[in-house]
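Source file: model-v4.cif (mmCIF, C-alpha atoms)
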data_model
#
loop_
_atom_site.group_PDB
_atom_site.id
_atom_site.type_symbol
_atom_site.label_atom_id
_atom_site.label_comp_id
_atom_site.auth_asym_id
_atom_site.auth_seq_id
_atom_site.Cartn_x
_atom_site.Cartn_y
_atom_site.Cartn_z
ATOM 1 C CA MET A 40 118.918 49.099 57.028
ATOM 2 C CA HIS A 41 115.735 47.310 58.054
ATOM 3 C CA ASP A 42 117.522 45.886 61.138
ATOM 4 C CA VAL A 43 118.758 49.353 62.091
ATOM 5 C CA LYS A 44 115.211 50.755 61.921
ATOM 6 C CA ARG A 45 113.952 47.879 64.075
ATOM 7 C CA TRP A 46 116.710 48.527 66.610
ATOM 8 C CA ILE A 47 115.864 52.242 66.749
ATOM 9 C CA GLY A 48 112.206 51.383 67.179
ATOM 10 C CA LEU A 49 112.931 49.031 70.079
ATOM 11 C CA VAL A 50 115.077 51.668 71.800
ATOM 12 C CA ALA A 51 112.280 54.211 71.413
ATOM 13 C CA VAL A 52 109.756 51.818 72.968
ATOM 14 C CA LEU A 53 112.126 51.064 75.844
ATOM 15 C CA LEU A 54 112.636 54.762 76.513
ATOM 16 C CA CYS A 55 108.869 55.263 76.628
ATOM 17 C CA TRP A 56 108.572 52.447 79.159
ATOM 18 C CA LEU A 57 111.215 54.131 81.307
ATOM 19 C CA VAL A 58 109.873 57.689 81.025
ATOM 20 C CA LEU A 59 106.135 57.123 81.245
ATOM 21 C CA PRO A 60 106.151 55.686 84.801
ATOM 22 C CA MET A 61 108.138 58.709 86.015
ATOM 23 C CA ALA A 62 105.806 61.121 84.229
ATOM 24 C CA SER A 63 102.819 59.239 85.634
ATOM 25 C CA GLN A 64 104.313 59.451 89.127
ATOM 26 C CA ALA A 65 104.693 63.216 88.810
ATOM 27 C CA GLN A 66 101.109 63.565 87.575
ATOM 28 C CA THR A 67 99.476 61.397 90.245
ATOM 29 C CA TRP A 68 101.536 62.561 93.233
ATOM 30 C CA PRO A 69 100.556 63.047 96.044
ATOM 31 C CA GLN A 70 98.505 59.994 96.832
ATOM 32 C CA ARG A 71 98.399 60.561 100.600
ATOM 33 C CA THR A 72 99.409 63.037 103.305
ATOM 34 C CA VAL A 73 102.660 64.917 102.668
ATOM 35 C CA ARG A 74 104.953 65.631 105.627
ATOM 36 C CA PHE A 75 107.300 68.578 105.975
ATOM 37 C CA ILE A 76 109.897 67.679 108.625
ATOM 38 C CA LEU A 77 111.543 70.688 110.274
ATOM 39 C CA PRO A 78 114.709 70.780 112.419
ATOM 40 C CA LEU A 79 113.397 73.759 114.420
ATOM 41 C CA GLY A 80 110.578 74.150 116.917
ATOM 42 C CA PRO A 81 107.191 75.859 116.593
ATOM 43 C CA GLY A 82 107.381 79.628 116.314
ATOM 44 C CA SER A 83 110.695 79.719 114.469
ATOM 45 C CA GLY A 84 110.909 81.625 111.188
ATOM 46 C CA VAL A 85 111.253 78.382 109.238
ATOM 47 C CA ASP A 86 108.241 76.901 111.049
ATOM 48 C CA ILE A 87 106.074 79.912 110.217
ATOM 49 C CA GLY A 88 107.126 79.805 106.558
ATOM 50 C CA ALA A 89 106.607 76.043 106.308
ATOM 51 C CA ARG A 90 103.062 76.346 107.651
ATOM 52 C CA LEU A 91 102.211 79.094 105.161
ATOM 53 C CA PHE A 92 103.396 76.940 102.277
ATOM 54 C CA ALA A 93 101.748 73.843 103.740
ATOM 55 C CA ASP A 94 98.354 75.596 103.794
ATOM 56 C CA ARG A 95 98.680 76.763 100.196
ATOM 57 C CA LEU A 96 100.005 73.444 98.899
ATOM 58 C CA THR A 97 97.288 71.481 100.705
ATOM 59 C CA ALA A 98 94.749 73.303 98.552
ATOM 60 C CA LYS A 99 96.795 72.825 95.378
ATOM 61 C CA TRP A 100 97.697 69.170 95.867
ATOM 62 C CA GLY A 101 94.376 67.961 97.222
ATOM 63 C CA GLN A 102 96.068 66.122 100.088
ATOM 64 C CA PRO A 103 96.962 67.336 103.605
ATOM 65 C CA VAL A 104 100.424 68.805 104.044
ATOM 66 C CA VAL A 105 101.433 68.577 107.693
ATOM 67 C CA VAL A 106 104.375 70.190 109.467
ATOM 68 C CA GLU A 107 106.303 67.962 111.858
ATOM 69 C CA ASN A 108 108.749 69.715 114.187
ATOM 70 C CA ARG A 109 111.817 67.686 115.183
ATOM 71 C CA PRO A 110 114.086 70.152 117.016
ATOM 72 C CA GLY A 111 117.258 69.173 118.807
ATOM 73 C CA GLY A 112 120.351 67.118 118.112
ATOM 74 C CA ASP A 113 121.863 69.855 115.932
ATOM 75 C CA ALA A 114 119.174 69.097 113.295
ATOM 76 C CA ILE A 115 120.306 65.463 113.049
ATOM 77 C CA LEU A 116 117.052 64.211 114.596
ATOM 78 C CA ALA A 117 115.046 65.835 111.809
ATOM 79 C CA ILE A 118 117.462 64.836 109.058
ATOM 80 C CA ASN A 119 117.521 61.191 110.163
ATOM 81 C CA ALA A 120 113.719 61.131 110.409
ATOM 82 C CA PHE A 121 113.502 62.476 106.863
ATOM 83 C CA ILE A 122 116.081 60.072 105.417
ATOM 84 C CA SER A 123 114.805 56.997 107.255
ATOM 85 C CA ALA A 124 111.294 57.601 105.901
ATOM 86 C CA ALA A 125 112.639 56.823 102.401
ATOM 87 C CA ASP A 126 109.401 58.197 101.011
ATOM 88 C CA ASP A 127 108.737 60.864 98.396
ATOM 89 C CA HIS A 128 105.789 62.057 100.527
ATOM 90 C CA THR A 129 108.183 62.975 103.370
ATOM 91 C CA LEU A 130 110.197 66.122 102.650
ATOM 92 C CA LEU A 131 112.678 68.197 104.637
ATOM 93 C CA PHE A 132 111.872 71.914 105.003
ATOM 94 C CA ALA A 133 114.980 73.430 106.520
ATOM 95 C CA PRO A 134 117.538 76.207 106.719
ATOM 96 C CA THR A 135 120.723 75.033 105.047
ATOM 97 C CA SER A 136 122.701 76.390 107.977
ATOM 98 C CA SER A 137 121.271 73.594 110.114
ATOM 99 C CA PHE A 138 123.540 71.074 108.370
ATOM 100 C CA THR A 139 126.262 72.763 106.273
ATOM 101 C CA ALA A 140 128.612 72.843 109.279
ATOM 102 C CA HIS A 141 128.014 69.236 110.378
ATOM 103 C CA ALA A 142 131.279 67.949 108.875
ATOM 104 C CA PHE A 143 133.178 70.276 111.230
ATOM 105 C CA LEU A 144 130.964 69.878 114.288
ATOM 106 C CA HIS A 145 130.795 66.076 114.510
ATOM 107 C CA ASP A 146 133.523 63.429 114.523
ATOM 108 C CA LYS A 147 131.291 61.352 112.274
ATOM 109 C CA VAL A 148 128.266 62.686 110.404
ATOM 110 C CA PRO A 149 125.566 60.019 110.920
ATOM 111 C CA TYR A 150 123.979 60.402 107.483
ATOM 112 C CA ASP A 151 125.011 60.747 103.845
ATOM 113 C CA PRO A 152 124.757 64.420 102.757
ATOM 114 C CA ARG A 153 123.839 63.220 99.266
ATOM 115 C CA ASP A 154 120.504 62.087 100.726
ATOM 116 C CA LEU A 155 119.563 65.764 101.177
ATOM 117 C CA SER A 156 118.616 66.425 97.572
ATOM 118 C CA PRO A 157 117.586 70.057 96.857
ATOM 119 C CA ILE A 158 114.144 70.633 95.360
ATOM 120 C CA ALA A 159 113.731 74.395 95.590
ATOM 121 C CA ARG A 160 114.985 77.437 97.447
ATOM 122 C CA VAL A 161 112.130 79.139 99.270
ATOM 123 C CA SER A 162 113.329 82.169 101.221
ATOM 124 C CA ASN A 163 116.045 83.961 103.095
ATOM 125 C CA THR A 164 115.387 84.299 106.796
ATOM 126 C CA ILE A 165 116.194 87.691 108.295
ATOM 127 C CA VAL A 166 118.790 86.913 110.959
ATOM 128 C CA VAL A 167 119.345 89.317 113.842
ATOM 129 C CA VAL A 168 121.765 89.880 116.692
ATOM 130 C CA ALA A 169 119.848 90.492 119.928
ATOM 131 C CA VAL A 170 120.716 91.293 123.543
ATOM 132 C CA PRO A 171 118.701 91.602 126.780
ATOM 133 C CA ALA A 172 116.856 94.903 127.045
ATOM 134 C CA SER A 173 118.415 95.304 130.491
ATOM 135 C CA LEU A 174 121.977 95.054 129.162
ATOM 136 C CA GLU A 175 123.801 98.364 128.737
ATOM 137 C CA VAL A 176 124.439 97.673 125.067
ATOM 138 C CA LYS A 177 123.119 99.580 122.047
ATOM 139 C CA THR A 178 125.458 98.452 119.264
ATOM 140 C CA VAL A 179 127.631 95.505 118.252
ATOM 141 C CA LYS A 180 130.637 97.622 119.193
ATOM 142 C CA ASP A 181 129.199 98.081 122.705
ATOM 143 C CA LEU A 182 128.695 94.317 123.005
ATOM 144 C CA MET A 183 132.225 93.499 121.903
ATOM 145 C CA ALA A 184 133.585 96.032 124.400
ATOM 146 C CA GLN A 185 131.756 94.221 127.217
ATOM 147 C CA VAL A 186 133.008 90.848 125.982
ATOM 148 C CA GLN A 187 136.551 92.196 125.990
ATOM 149 C CA ALA A 188 136.142 93.619 129.486
ATOM 150 C CA GLN A 189 134.704 90.333 130.849
ATOM 151 C CA PRO A 190 136.486 87.490 129.038
ATOM 152 C CA GLY A 191 134.555 84.236 129.237
ATOM 153 C CA LYS A 192 131.916 85.630 131.614
ATOM 154 C CA LEU A 193 129.224 86.531 129.086
ATOM 155 C CA ASN A 194 127.113 83.855 127.388
ATOM 156 C CA PHE A 195 125.664 83.545 123.907
ATOM 157 C CA ASN A 196 123.635 81.223 121.735
ATOM 158 C CA THR A 197 123.000 81.048 118.005
ATOM 159 C CA ALA A 198 120.330 79.151 116.131
ATOM 160 C CA THR A 199 122.515 77.012 113.842
ATOM 161 C CA GLY A 200 125.926 75.463 113.416
ATOM 162 C CA VAL A 201 126.960 77.971 110.759
ATOM 163 C CA THR A 202 126.273 80.951 112.996
ATOM 164 C CA ASP A 203 128.171 79.157 115.781
ATOM 165 C CA PHE A 204 131.190 79.035 113.471
ATOM 166 C CA ILE A 205 130.793 82.670 112.451
ATOM 167 C CA PHE A 206 130.809 83.962 116.026
ATOM 168 C CA ASP A 207 133.326 81.445 117.386
ATOM 169 C CA GLY A 208 135.635 82.243 114.476
ATOM 170 C CA TYR A 209 135.267 85.973 114.974
ATOM 171 C CA PHE A 210 135.909 85.728 118.719
ATOM 172 C CA LYS A 211 139.056 83.640 118.212
ATOM 173 C CA LYS A 212 140.379 85.885 115.446
ATOM 174 C CA SER A 213 139.743 88.962 117.614
ATOM 175 C CA GLY A 214 141.173 87.500 120.815
ATOM 176 C CA LEU A 215 137.783 87.615 122.569
ATOM 177 C CA ALA A 216 136.104 84.995 124.772
ATOM 178 C CA MET A 217 132.342 84.558 125.047
ATOM 179 C CA THR A 218 130.827 81.297 126.294
ATOM 180 C CA ARG A 219 128.478 79.502 123.898
ATOM 181 C CA VAL A 220 125.525 77.845 125.686
ATOM 182 C CA PRO A 221 123.743 75.084 123.708
ATOM 183 C CA TYR A 222 119.943 74.804 123.634
ATOM 184 C CA ARG A 223 117.753 72.022 122.345
ATOM 185 C CA ASP A 224 115.215 74.596 121.190
ATOM 186 C CA THR A 225 116.303 78.074 120.170
ATOM 187 C CA VAL A 226 112.944 79.504 121.252
ATOM 188 C CA GLN A 227 113.900 78.724 124.873
ATOM 189 C CA ALA A 228 117.154 80.601 124.335
ATOM 190 C CA LEU A 229 115.136 83.777 123.651
ATOM 191 C CA THR A 230 113.360 83.381 126.971
ATOM 192 C CA ASP A 231 116.710 83.134 128.733
ATOM 193 C CA LEU A 232 118.018 86.090 126.747
ATOM 194 C CA GLY A 233 115.126 88.221 127.969
ATOM 195 C CA GLU A 234 115.996 87.228 131.532
ATOM 196 C CA ASN A 235 119.712 88.008 130.987
ATOM 197 C CA ARG A 236 120.852 84.418 131.550
ATOM 198 C CA ILE A 237 122.553 84.714 128.188
ATOM 199 C CA GLN A 238 123.766 88.070 126.907
ATOM 200 C CA MET A 239 123.639 87.640 123.129
ATOM 201 C CA TRP A 240 121.598 85.598 120.687
ATOM 202 C CA SER A 241 121.604 85.363 116.893
ATOM 203 C CA GLY A 242 118.779 83.790 114.944
ATOM 204 C CA ALA A 243 115.572 84.455 113.043
ATOM 205 C CA LEU A 244 113.812 87.777 113.495
ATOM 206 C CA ALA A 245 110.511 85.879 113.651
ATOM 207 C CA ILE A 246 111.511 84.251 116.947
ATOM 208 C CA ALA A 247 112.939 87.415 118.458
ATOM 209 C CA ARG A 248 110.147 89.810 117.451
ATOM 210 C CA PRO A 249 107.609 88.922 120.222
ATOM 211 C CA HIS A 250 110.328 89.383 122.850
ATOM 212 C CA VAL A 251 111.339 92.697 121.271
ATOM 213 C CA GLN A 252 107.715 93.870 121.225
ATOM 214 C CA ALA A 253 107.346 92.854 124.878
ATOM 215 C CA GLY A 254 110.368 94.982 125.770
ATOM 216 C CA ARG A 255 112.479 92.086 127.052
ATOM 217 C CA VAL A 256 114.956 91.991 124.169
ATOM 218 C CA LYS A 257 116.490 94.566 121.823
ATOM 219 C CA LEU A 258 118.032 94.193 118.384
ATOM 220 C CA ILE A 259 121.463 95.620 117.679
ATOM 221 C CA ALA A 260 122.126 94.327 114.139
ATOM 222 C CA ILE A 261 120.942 92.275 111.156
ATOM 223 C CA THR A 262 123.406 89.716 109.774
ATOM 224 C CA ASN A 263 122.000 89.672 106.222
ATOM 225 C CA GLY A 264 124.157 91.204 103.536
ATOM 226 C CA GLN A 265 121.549 93.882 102.823
ATOM 227 C CA ARG A 266 118.801 95.505 104.852
ATOM 228 C CA PRO A 267 115.566 93.689 104.027
ATOM 229 C CA PRO A 268 112.640 95.648 102.540
ATOM 230 C CA GLY A 269 110.592 97.500 105.136
ATOM 231 C CA GLY A 270 113.419 97.829 107.653
ATOM 232 C CA PRO A 271 112.493 94.883 109.938
ATOM 233 C CA GLY A 272 113.483 95.599 113.491
ATOM 234 C CA GLY A 273 113.252 99.341 112.965
ATOM 235 C CA PRO A 274 115.066 101.845 110.787
ATOM 236 C CA ASP A 275 117.915 102.223 113.289
ATOM 237 C CA VAL A 276 118.961 98.539 113.202
ATOM 238 C CA PRO A 277 121.997 98.304 110.878
ATOM 239 C CA THR A 278 123.469 95.313 109.095
ATOM 240 C CA VAL A 279 126.602 93.912 110.724
ATOM 241 C CA THR A 280 128.593 95.308 107.796
ATOM 242 C CA GLU A 281 127.174 98.779 108.408
ATOM 243 C CA ALA A 282 128.042 98.327 112.092
ATOM 244 C CA GLY A 283 131.671 97.642 111.159
ATOM 245 C CA TYR A 284 131.652 93.832 111.527
ATOM 246 C CA PRO A 285 131.435 92.367 107.986
ATOM 247 C CA GLU A 286 132.892 89.037 109.212
ATOM 248 C CA LEU A 287 129.547 88.368 110.924
ATOM 249 C CA THR A 288 127.524 88.586 107.688
ATOM 250 C CA PHE A 289 125.147 85.655 107.156
ATOM 251 C CA ASP A 290 121.991 85.159 105.056
ATOM 252 C CA GLY A 291 119.538 82.532 106.297
ATOM 253 C CA LEU A 292 118.919 80.273 103.292
ATOM 254 C CA VAL A 293 115.769 78.091 103.530
ATOM 255 C CA GLY A 294 114.464 75.473 101.126
ATOM 256 C CA LEU A 295 112.806 72.140 100.450
ATOM 257 C CA PHE A 296 114.619 68.804 100.110
ATOM 258 C CA GLY A 297 113.513 65.427 98.799
ATOM 259 C CA PRO A 298 114.997 61.916 98.817
ATOM 260 C CA ARG A 299 117.981 61.234 96.579
ATOM 261 C CA ASP A 300 116.045 58.915 94.234
ATOM 262 C CA MET A 301 113.046 61.209 93.695
ATOM 263 C CA ALA A 302 112.000 61.183 90.035
ATOM 264 C CA PRO A 303 113.353 64.272 88.212
ATOM 265 C CA GLU A 304 109.922 65.092 86.808
ATOM 266 C CA LEU A 305 108.404 65.059 90.281
ATOM 267 C CA ARG A 306 111.224 67.231 91.608
ATOM 268 C CA GLU A 307 110.619 69.763 88.831
ATOM 269 C CA ARG A 308 106.888 69.779 89.480
ATOM 270 C CA LEU A 309 107.349 70.406 93.201
ATOM 271 C CA ALA A 310 109.820 73.216 92.476
ATOM 272 C CA ALA A 311 107.305 74.806 90.106
ATOM 273 C CA ASP A 312 104.551 74.544 92.733
ATOM 274 C CA ILE A 313 106.826 76.169 95.335
ATOM 275 C CA ARG A 314 107.655 79.016 92.939
ATOM 276 C CA ALA A 315 103.970 79.524 92.170
ATOM 277 C CA ALA A 316 103.078 79.703 95.865
ATOM 278 C CA ALA A 317 106.009 82.033 96.549
ATOM 279 C CA SER A 318 104.819 84.448 93.839
ATOM 280 C CA ASP A 319 101.393 84.854 95.405
ATOM 281 C CA PRO A 320 101.167 88.412 96.826
ATOM 282 C CA GLU A 321 99.412 87.162 99.951
ATOM 283 C CA ILE A 322 102.175 84.610 100.662
ATOM 284 C CA VAL A 323 104.844 87.248 99.994
ATOM 285 C CA ALA A 324 103.147 89.680 102.372
ATOM 286 C CA ARG A 325 102.762 87.101 105.133
ATOM 287 C CA LEU A 326 106.329 85.799 104.795
ATOM 288 C CA THR A 327 107.660 89.342 104.836
ATOM 289 C CA ALA A 328 105.643 90.038 107.967
ATOM 290 C CA THR A 329 107.252 87.019 109.645
ATOM 291 C CA GLY A 330 110.767 88.250 108.953
ATOM 292 C CA GLN A 331 111.646 86.503 105.718
ATOM 293 C CA VAL A 332 112.612 87.606 102.228
ATOM 294 C CA VAL A 333 110.950 85.507 99.530
ATOM 295 C CA SER A 334 113.593 84.230 97.100
ATOM 296 C CA PRO A 335 112.336 81.127 95.245
ATOM 297 C CA GLY A 336 114.879 79.308 93.114
ATOM 298 C CA SER A 337 115.363 76.112 91.138
ATOM 299 C CA ALA A 338 117.044 72.976 92.448
ATOM 300 C CA THR A 339 120.209 73.944 90.566
ATOM 301 C CA GLU A 340 120.253 77.459 92.038
ATOM 302 C CA PHE A 341 119.529 76.091 95.492
ATOM 303 C CA ALA A 342 122.336 73.530 95.242
ATOM 304 C CA ALA A 343 124.783 76.248 94.158
ATOM 305 C CA SER A 344 123.803 78.422 97.134
ATOM 306 C CA ILE A 345 124.328 75.485 99.494
ATOM 307 C CA GLU A 346 127.811 74.830 98.101
ATOM 308 C CA ALA A 347 128.679 78.517 98.522
ATOM 309 C CA GLN A 348 127.595 78.315 102.164
ATOM 310 C CA ARG A 349 129.657 75.148 102.684
ATOM 311 C CA ALA A 350 132.696 76.977 101.302
ATOM 312 C CA ALA A 351 132.102 79.857 103.727
ATOM 313 C CA VAL A 352 131.831 77.393 106.615
ATOM 314 C CA ALA A 353 135.143 75.842 105.590
ATOM 315 C CA ARG A 354 136.794 79.270 105.787
ATOM 316 C CA PHE A 355 135.417 79.869 109.297
ATOM 317 C CA ALA A 356 136.489 76.363 110.309
ATOM 318 C CA ALA A 357 140.031 77.041 109.102
ATOM 319 C CA THR A 358 140.168 80.053 111.423
ATOM 320 C CA LEU A 359 139.230 77.776 114.319
ATOM 321 C CA GLY A 360 141.616 75.029 113.240
ATOM 322 C CA ALA A 361 138.704 72.621 112.711
ATOM 323 C CA LYS A 362 139.049 69.814 110.186
ATOM 324 C CA PRO A 363 136.160 68.048 108.428
ATOM 325 C CA SER A 364 135.186 64.581 109.644
ATOM 326 C CA GLN A 365 135.859 61.671 107.344
#
Produce structure tokens that represent the structure in this file.
Amino acid sequence: MHDVKRWIGLVAVLLCWLVLPMASQAQTWPQRTVRFILPLGPGSGVDIGARLFADRLTAKWGQPVVVENRPGGDAILAINAFISAADDHTLLFAPTSSFTAHAFLHDKVPYDPRDLSPIARVSNTIVVVAVPASLEVKTVKDLMAQVQAQPGKLNFNTATGVTDFIFDGYFKKSGLAMTRVPYRDTVQALTDLGENRIQMWSGALAIARPHVQAGRVKLIAITNGQRPPGGPGGPDVPTVTEAGYPELTFDGLVGLFGPRDMAPELRERLAADIRAAASDPEIVARLTATGQVVSPGSATEFAASIEAQRAAVARFAATLGAKPSQ
């Protein structure tokens, strides 16, 4: 019996040795500047949200939180920069749609998806369908009629790989042809939309709003499953489901990711800090004003939402006959 008690005591001491360093790491972090790497350029909805959180977390953490934009390369530039840092002070702040379609868009995905470890869901971006103000289109139905009348002659761009699949899949299923034009930075796509070089764009309301206010671009639908509070874009802008196109429904899920080996206690602390910032009325008001719906969630909830989006992508890919890369 005495030997058993000694053995239990040694195990308890060993567990303390293992747990205390992780707890200490969570308590003392951060020890230097924290970087949020973004796969989108300045002015995007995700960029605006990241900077709001960075300001609030700088005050809470006592260390600078800087936002580093790495647009282009279908988000792979940003993802590789985040993974190669191998540092718990370098985090990825991103829409999940920037990577959940990678397995279908690339012959070989140049990173291990397991290295994108969810910390917390932050928000849902309000995603819109926009057209040039000069285009004789008022509804999604009007747009599809023009696409049908001019097969392959009209151009479009969407902000992420998932929305590419949604529209490509819908066009193929419906026997329509619209040419997708790639852009390194989706903000530039809005400029071209306003000048009618492309005829349709889908992405964050935050990017489109200045062009709408300037009269260069008009909104014809919101892709979110429900109309966001306050009727962003105006009371006459319906959801795609209300417009009769439920296949185009998409909610822009945004969150924070850490390295795969981040200590669980640190991950939980960061998630709690994100939730606290997201519950601040001022943050909620400012995020709402930038075209986002605040929806903080745990790492588990965030991971489940990502898997649901991956499943939706797989369905769209099946329509297009696309197979995942190995």
### Task
Do a neighbour search on Arg349 of chain A at 12 Å with all atoms listed in the file, toss out local chain neighbours closer than 5 positions, and write the hits as a VMD selection string.
chain A and resid 135 to 143 152 200 to 201 204 292 342 to 344 354 to 356 363
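Taking atom CA of Met217 of chain A as the reference point, atom CA of Leu193 of chain A is found at 5.5 Å.
Among the candidates A:Val293, A:Glu304, A:Asp154, A:Arg71, the residue lying nearest to Ala89 of chain A is A:Val293 (atoms considered: only C-alpha atoms).
Of the residues listed (A:Arg299, A:Arg236, A:Lys212, A:Arg219), A:Arg299 shows the shortest atom-to-atom separation from Ala125 of chain A; distances use all atoms listed in the file.
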### Message
Could you list, as a ChimeraX atom specification, every residue within 10 Å of Leu96 of chain A, counting only C-alpha atoms and ignoring same-chain residues fewer than 5 positions away?
### Response
/A:73,90-91,101-104,309,312-313,315-316
### Message
Need the shell around Ala228 of chain A: protein/DNA/RNA residues with any atom at most 8 Å away, counting all atoms listed in the file. Skip same-chain ones fewer than 4 positions apart. Format as a PyMOL selection string?
### Response
chain A and resi 196+222+224+232+237+240
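Compared by their closest atoms to Gly84 of chain A, and using only C-alpha atoms, the residues A:Leu155, A:Ala133, A:Ala361, A:Ile205 rank with A:Ala133 nearest.
Comparing the minimum interatomic distances between Val85 of chain A and each of A:Met183, A:Leu130, A:Leu295, A:Ile345, counting all atoms listed in the file, we find that A:Leu295 sits nearest.
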Contacts of Ala253 of chain A within 12 Å, all atoms listed in the file, excl. fewer than 2 positions in-chain, as a PDB file with C-alpha atoms, keeping the file's coordinate frame:
ATOM      1  CA  PRO A 171     118.701  91.602 126.780  1.00  0.00           C
ATOM      2  CA  ALA A 172     116.856  94.903 127.045  1.00  0.00           C
ATOM      3  CA  THR A 230     113.360  83.381 126.971  1.00  0.00           C
ATOM      4  CA  GLY A 233     115.126  88.221 127.969  1.00  0.00           C
ATOM      5  CA  ALA A 247     112.939  87.415 118.458  1.00  0.00           C
ATOM      6  CA  ARG A 248     110.147  89.810 117.451  1.00  0.00           C
ATOM      7  CA  PRO A 249     107.609  88.922 120.222  1.00  0.00           C
ATOM      8  CA  HIS A 250     110.328  89.383 122.850  1.00  0.00           C
ATOM      9  CA  VAL A 251     111.339  92.697 121.271  1.00  0.00           C
ATOM     10  CA  ARG A 255     112.479  92.086 127.052  1.00  0.00           C
ATOM     11  CA  VAL A 256     114.956  91.991 124.169  1.00  0.00           C
ATOM     12  CA  LYS A 257     116.490  94.566 121.823  1.00  0.00           C
TER      13      LYS A 257
END
### Task
Show which residues sit within 10 Å of Glu307 of chain A, as number ranges by chain. Count only C-alpha atoms, and ignore same-chain residues fewer than 4 positions away.
A: 65, 158-159, 302-303, 311-313, 337-338
### Query
Which residues match the PyMOL selection byres ((chain A and resi 244) around 9) in the file above, as a ChimeraX atom specification?
/A:83-84,164-168,241-243,245-248,261,271-272,329-331
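Nearest to Val220 of chain A of all the residues A:Gly80, A:Gly191, A:Gly208, A:Gly336 is A:Gly191, counting all atoms listed in the file.
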Can you check which parts of segment 144-263 of chain A lie within 10 Å of segment 107-116 of chain A? Per residue, the shortest pair of atoms and distance in Å to one decimal, counting only C-alpha atoms, sorted by chain and number, as CSV.
residue,atom,partner,partner_atom,distance
A:Leu144,CA,A:Asp113,CA,9.2
A:His145,CA,A:Asp113,CA,9.8
A:Val148,CA,A:Ile115,CA,8.8
A:Pro149,CA,A:Ile115,CA,7.9
A:Tyr150,CA,A:Ile115,CA,8.4
A:Ala198,CA,A:Asp113,CA,9.4
A:Thr199,CA,A:Asp113,CA,7.5
A:Gly200,CA,A:Asp113,CA,7.4
A:Pro221,CA,A:Asp113,CA,9.6
A:Tyr222,CA,A:Gly111,CA,7.9
A:Arg223,CA,A:Gly111,CA,4.6
A:Asp224,CA,A:Pro110,CA,6.2
A:Thr225,CA,A:Pro110,CA,8.8
#### Entry: Matched chain/residue IDs from the PyMOL selection byres ((chain A and resi 259) around 10), as a ChimeraX atom specification
/A:167-170,176-182,239,256-258,260-261,272,275-279,282
### Task
List every protein, DNA or RNA residue that has an atom no more than 9 Å from (97.6, 80.9, 104.1) in the file's coordinate frame, counting all atoms listed in the file, and report them as a PyMOL selection string.
chain A and resi 90-95+321-322+325
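Among the candidates A:Trp100, A:Gly254, A:Pro267, A:Phe206, the one nearest to Gln66 of chain A when counting all atoms listed in the file is A:Trp100.
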